[in-house]
Each structure stands twice: as C-alpha cells, then as structure tokens.
Amino acid sequence: MQWRGVIPAMTTVFREGGPVDLESVGRHARWLVENGCSGVVALGSLGEGATLGFDEKVEVLGSCVAALGGRAPVVAGISSLGTAEAVRLARKAAEAGCAGLMVLPPYVYSTDWREMKAHIDAVIRATNLSCMLYNNPIAYRTDFLPTQVRELAVEHPNLHAVKESSADVRRLTAIRAICGDRLALAVGVDDLIVEGIGAGAVCWIAGLANALPRESVALFDRALRGDARQALEIYRWFLPLLRMDTVPKFVQLIKLVGERVGVGSARVRAPRLQLEGAELEEALTTIREALEHRPHL
C-alpha cells in the first residue's frame, strides 16, 4: 500500500452500555474516505484497542474492510500484552482483507532492544502485508531509535513506513538521514504536522481528522505542496483542536469534537470516562470557538 496522505487513526464507536457499534464503525470509515482521507487505521491508541477483546478487534477490522470495499486501504493496529496474540491478530488482519499493519510494542512490557526487536520481528514476519512501525515512547515507554529503525528496515522488506510520535521533529530528520527514502515518514502527533512535513513526512496518521477530515486534508495538502501562507492560515485556526491529540485524555477530547460536529459519539470504554465539570466546559469552549471560525474550504 501507499503510506501517503491523511490516514486517520480511527475512533471506535460504542453503543450505550459498552458494545462496539460495528455499523457505525463502518459508516465512519466510509465517511472519512469520502471526505478525502487516503485510508484508515483501526485499533490504534485512539481506537481504544487496548480495551477491545480479540474477537471485537477482528470484527472492527472486518467492518472497515467491508465498508470501504477496496476503495481505500484499511490498516490494522497490532498490539497486545504478548507476542503470540499480536502475531495471531496480524494474521487475522490479513485474512480480513487489511492492506497494512501498524506495528506497536507490547501494551505494558518495555524492555531492551533485543526483546523489543524480537517482538517486532515476529509481527512483521507474520504476514506479507505492508507494515508501519509505530514509535510512541510517551505512551508505550519503548523508544525505537533511528539506528534501530534502520536495522528493522534492512531486515524486513515489507517494512515500508514509520509513524513518529516522539513529538521531536528532529527524529524525522534523523531517520531520513540514515534511511534515505527507504521508509515513508508519517507524523503521529497532530500539532506537529506542518513541521513534520517540512522534515520530510509524506503521511499523517491523524487524530482530529476523525471529526474534521476536510480541514485535515486541506492542511496536509497545502503544507506538502509548499503553500506556506495557506497552510499556516489553516494551522493557526486548527492548533487549539490539534493540541487535544497530545494530552492524556485525547480519546475523550477527540470523540467530543466529533460528537459536536455530528460525527459519532463521545462514549468511551472504561477505564476512560467521559469528561465532566470544569474539564468538559473548558473543552467545549475551545471547540465552540474553533467551530465559530471554521474555514470555508
């Protein structure tokens, strides 16, 4: 698959009481692509993958693949507590018709490079699907250094991209310096997208695109083609919302933005709880002010 453009890390829609709303998940994937996104990533951090059971994960992937019908790729986020389950999920994703895998470290266990490499090796080798390594040391306490990324790229022909969520734009330039064009660079932190494109990124695994795909695609396209003035106009408007992707309650916040624009629901799965009180009011004020000045694209 082509790791280019805006590929949202999809939220997972839940029905009241907790079950996954598979019909709405599929509808959301289709709506994102219809509004300009290049594909979707399911079961990532924003998709609350850690709270889903194995069978639920497989059902979510199947719903996305069926909804898109080959019009755009579905990428499966692959992580678990253990390597065996991650490998099993990768194979189920291939069976379901996914076009790629976003390979994460284990949910809890963080250790040395030897052990982490063995885990990543096993997942990448589990299928022939195109893979993207997900580096998010802030959330997962495992930091894949540029030299380690290069090592994986040398050993795995089907590793085609890296999603950088270290929040350090210098990581992108460092990876590019030692890997050249071997890997597509993807930004995984919403409020770093313009800077990331300047450092060589060609893909945005986006959060706020769940609620505002047209604006996300417009920002990405303008920045990629070097239209600094128009890109910065959208970026300045968008930043208060994009920063919601960088805080511990990013799932609740992004789902709330979606609900406010009429897409999906703010419902989350425990241990997450929906926002309330002053925290909710502050978020609603930010959302309201942004939407009042929403650009006409």
# chains A, B, ... in the order shown; residues from 1 in each chain; ligands from 1
call {"tool": "residues_around", "arguments": {"residues": "Val217 (chain A)", "least_positions_apart": "3", "cutoff": "7 Å", "atoms": "only C-alpha atoms", "output": "PDB file with C-alpha atoms, in the first residue's frame"}}
result
ATOM      1  CA  VAL A   6      -4.054  11.718   5.660  1.00  0.00           C
ATOM      2  CA  GLY A  36     -10.584  12.956   1.247  1.00  0.00           C
ATOM      3  CA  CYS A  37      -8.658  10.645   3.565  1.00  0.00           C
ATOM      4  CA  PRO A 213     -11.315  15.364   7.670  1.00  0.00           C
ATOM      5  CA  ARG A 214     -11.719  18.076   5.039  1.00  0.00           C
ATOM      6  CA  PHE A 220      -1.843  18.460   4.743  1.00  0.00           C
ATOM      7  CA  ASP A 221      -2.086  19.124   1.009  1.00  0.00           C
TER       8      ASP A 221
END
call {"tool": "select_by_dssp", "arguments": {"residues": "region 23-269 of chain A", "states": "strand (DSSP E)", "output": "JSON, numbers by chain"}}
result
{"A": [40, 41, 42, 74, 75, 76, 77, 78, 100, 101, 102, 103, 130, 131, 132, 133, 134, 135, 159, 160, 161, 162, 163, 164, 184, 185, 186, 187, 203, 204]}
call {"tool": "residues_around", "arguments": {"residues": "Ser45 (chain A)", "least_positions_apart": "6", "cutoff": "12 Å", "atoms": "only C-alpha atoms", "output": "NGL selection string"}}
result
:A and (8-12 or 51-52 or 76-80 or 102-105 or 107 or 134-136 or 138-140 or 165 or 188 or 205-207 or 245-246 or 248-252)
call {"tool": "atom_distance", "arguments": {"atom1": "CA of Leu159 (chain A)", "atom2": "CA of Ala29 (chain A)"}}
result
24.2 Å
call {"tool": "residues_around", "arguments": {"residues": "Leu232 (chain A)", "least_positions_apart": "6", "cutoff": "9 Å", "atoms": "only C-alpha atoms", "output": "PyMOL selection string"}}
result
chain A and resi 194+219+222-223
call {"tool": "closest_residue", "arguments": {"among": "A:Leu241, A:Ala184, A:Ala266, A:Ala231", "to": "Thr285 (chain A)", "atoms": "only C-alpha atoms"}}
result
A:Leu241
call {"tool": "residues_around", "arguments": {"residues": "Phe238 (chain A)", "least_positions_apart": "4", "cutoff": "12 Å", "atoms": "only C-alpha atoms", "output": "number ranges by chain"}}
result
A: 190-194, 208-209, 211-216, 218-220, 231-234, 242-245, 286-287, 289-295
call {"tool": "residues_around", "arguments": {"residues": "Glu85 (chain A)", "least_positions_apart": "6", "cutoff": "12 Å", "atoms": "only C-alpha atoms", "output": "list in words"}}
result
Gly53, Phe54, Asp55, Lys57, Ile78, Ser79, Arg91, Lys92, Pro106, Tyr107, His119, Ala122, Val123 and Ala126 of chain A
call {"tool": "select_by_dssp", "arguments": {"residues": "region 103-159 of chain A", "states": "helix (DSSP H, G or I)", "output": "PyMOL selection string"}}
result
chain A and resi 113-125+137-140+146-155
call {"tool": "write_last_selection", "arguments": {"atoms": "N, CA and C atoms", "output": "mmCIF file, in the first residue's frame"}}
result
data_model
loop_
_atom_site.group_PDB
_atom_site.id
_atom_site.type_symbol
_atom_site.label_atom_id
_atom_site.label_comp_id
_atom_site.auth_asym_id
_atom_site.auth_seq_id
_atom_site.Cartn_x
_atom_site.Cartn_y
_atom_site.Cartn_z
ATOM 1 N N TRP A 113 16.415 -3.516 23.673
ATOM 2 C CA TRP A 113 16.246 -3.631 22.227
ATOM 3 C C TRP A 113 16.165 -5.090 21.778
ATOM 4 N N ARG A 114 16.916 -5.971 22.383
ATOM 5 C CA ARG A 114 16.891 -7.375 21.975
ATOM 6 C C ARG A 114 15.489 -7.955 22.067
ATOM 7 N N GLU A 115 14.825 -7.706 23.195
ATOM 8 C CA GLU A 115 13.483 -8.255 23.372
ATOM 9 C C GLU A 115 12.445 -7.526 22.519
ATOM 10 N N MET A 116 12.548 -6.206 22.451
ATOM 11 C CA MET A 116 11.581 -5.462 21.647
ATOM 12 C C MET A 116 11.733 -5.789 20.168
ATOM 13 N N LYS A 117 12.961 -5.950 19.722
ATOM 14 C CA LYS A 117 13.180 -6.302 18.317
ATOM 15 C C LYS A 117 12.592 -7.671 18.009
ATOM 16 N N ALA A 118 12.754 -8.619 18.921
ATOM 17 C CA ALA A 118 12.202 -9.954 18.702
ATOM 18 C C ALA A 118 10.681 -9.885 18.543
ATOM 19 N N HIS A 119 10.037 -9.034 19.341
ATOM 20 C CA HIS A 119 8.580 -8.875 19.239
ATOM 21 C C HIS A 119 8.199 -8.283 17.887
ATOM 22 N N ILE A 120 8.840 -7.188 17.523
ATOM 23 C CA ILE A 120 8.516 -6.517 16.263
ATOM 24 C C ILE A 120 8.816 -7.436 15.079
ATOM 25 N N ASP A 121 9.964 -8.145 15.133
ATOM 26 C CA ASP A 121 10.308 -9.093 14.073
ATOM 27 C C ASP A 121 9.181 -10.106 13.858
ATOM 28 N N ALA A 122 8.680 -10.646 14.951
ATOM 29 C CA ALA A 122 7.661 -11.695 14.856
ATOM 30 C C ALA A 122 6.384 -11.181 14.203
ATOM 31 N N VAL A 123 5.992 -9.960 14.543
ATOM 32 C CA VAL A 123 4.751 -9.403 13.981
ATOM 33 C C VAL A 123 4.932 -9.094 12.498
ATOM 34 N N ILE A 124 6.055 -8.465 12.153
ATOM 35 C CA ILE A 124 6.274 -8.113 10.742
ATOM 36 C C ILE A 124 6.356 -9.368 9.880
ATOM 37 N N ARG A 125 6.971 -10.416 10.402
ATOM 38 C CA ARG A 125 7.132 -11.653 9.634
ATOM 39 C C ARG A 125 5.862 -12.502 9.590
ATOM 40 N N PRO A 137 7.182 6.642 22.322
ATOM 41 C CA PRO A 137 7.792 6.407 23.637
ATOM 42 C C PRO A 137 7.030 7.067 24.775
ATOM 43 N N ILE A 138 6.250 8.092 24.481
ATOM 44 C CA ILE A 138 5.486 8.782 25.523
ATOM 45 C C ILE A 138 4.412 7.859 26.077
ATOM 46 N N ALA A 139 3.711 7.155 25.198
ATOM 47 C CA ALA A 139 2.613 6.292 25.632
ATOM 48 C C ALA A 139 3.060 4.889 25.987
ATOM 49 N N TYR A 140 4.052 4.350 25.250
ATOM 50 C CA TYR A 140 4.390 2.934 25.397
ATOM 51 C C TYR A 140 5.720 2.674 26.095
ATOM 52 N N PRO A 146 16.540 5.904 15.804
ATOM 53 C CA PRO A 146 16.732 5.876 14.347
ATOM 54 C C PRO A 146 17.619 4.734 13.871
ATOM 55 N N THR A 147 18.677 4.421 14.589
ATOM 56 C CA THR A 147 19.541 3.307 14.179
ATOM 57 C C THR A 147 18.809 1.973 14.260
ATOM 58 N N GLN A 148 17.916 1.840 15.226
ATOM 59 C CA GLN A 148 17.129 0.616 15.342
ATOM 60 C C GLN A 148 16.084 0.527 14.236
ATOM 61 N N VAL A 149 15.503 1.660 13.894
ATOM 62 C CA VAL A 149 14.561 1.700 12.773
ATOM 63 C C VAL A 149 15.256 1.251 11.497
ATOM 64 N N ARG A 150 16.477 1.738 11.289
ATOM 65 C CA ARG A 150 17.231 1.338 10.097
ATOM 66 C C ARG A 150 17.505 -0.168 10.111
ATOM 67 N N GLU A 151 17.836 -0.699 11.266
ATOM 68 C CA GLU A 151 18.097 -2.141 11.375
ATOM 69 C C GLU A 151 16.882 -2.944 10.956
ATOM 70 N N LEU A 152 15.706 -2.522 11.411
ATOM 71 C CA LEU A 152 14.472 -3.206 11.027
ATOM 72 C C LEU A 152 14.222 -3.069 9.529
ATOM 73 N N ALA A 153 14.481 -1.887 8.983
ATOM 74 C CA ALA A 153 14.251 -1.661 7.561
ATOM 75 C C ALA A 153 15.153 -2.535 6.699
ATOM 76 N N VAL A 154 16.371 -2.738 7.141
ATOM 77 C CA VAL A 154 17.317 -3.580 6.400
ATOM 78 C C VAL A 154 16.857 -5.035 6.397
ATOM 79 N N GLU A 155 16.300 -5.483 7.504
ATOM 80 C CA GLU A 155 15.962 -6.896 7.657
ATOM 81 C C GLU A 155 14.569 -7.271 7.164
#
call {"tool": "closest_residue", "arguments": {"among": "A:Leu172, A:Ala161, A:Val20, A:Cys179", "to": "Ser63 (chain A)", "atoms": "only C-alpha atoms"}}
result
A:Val20
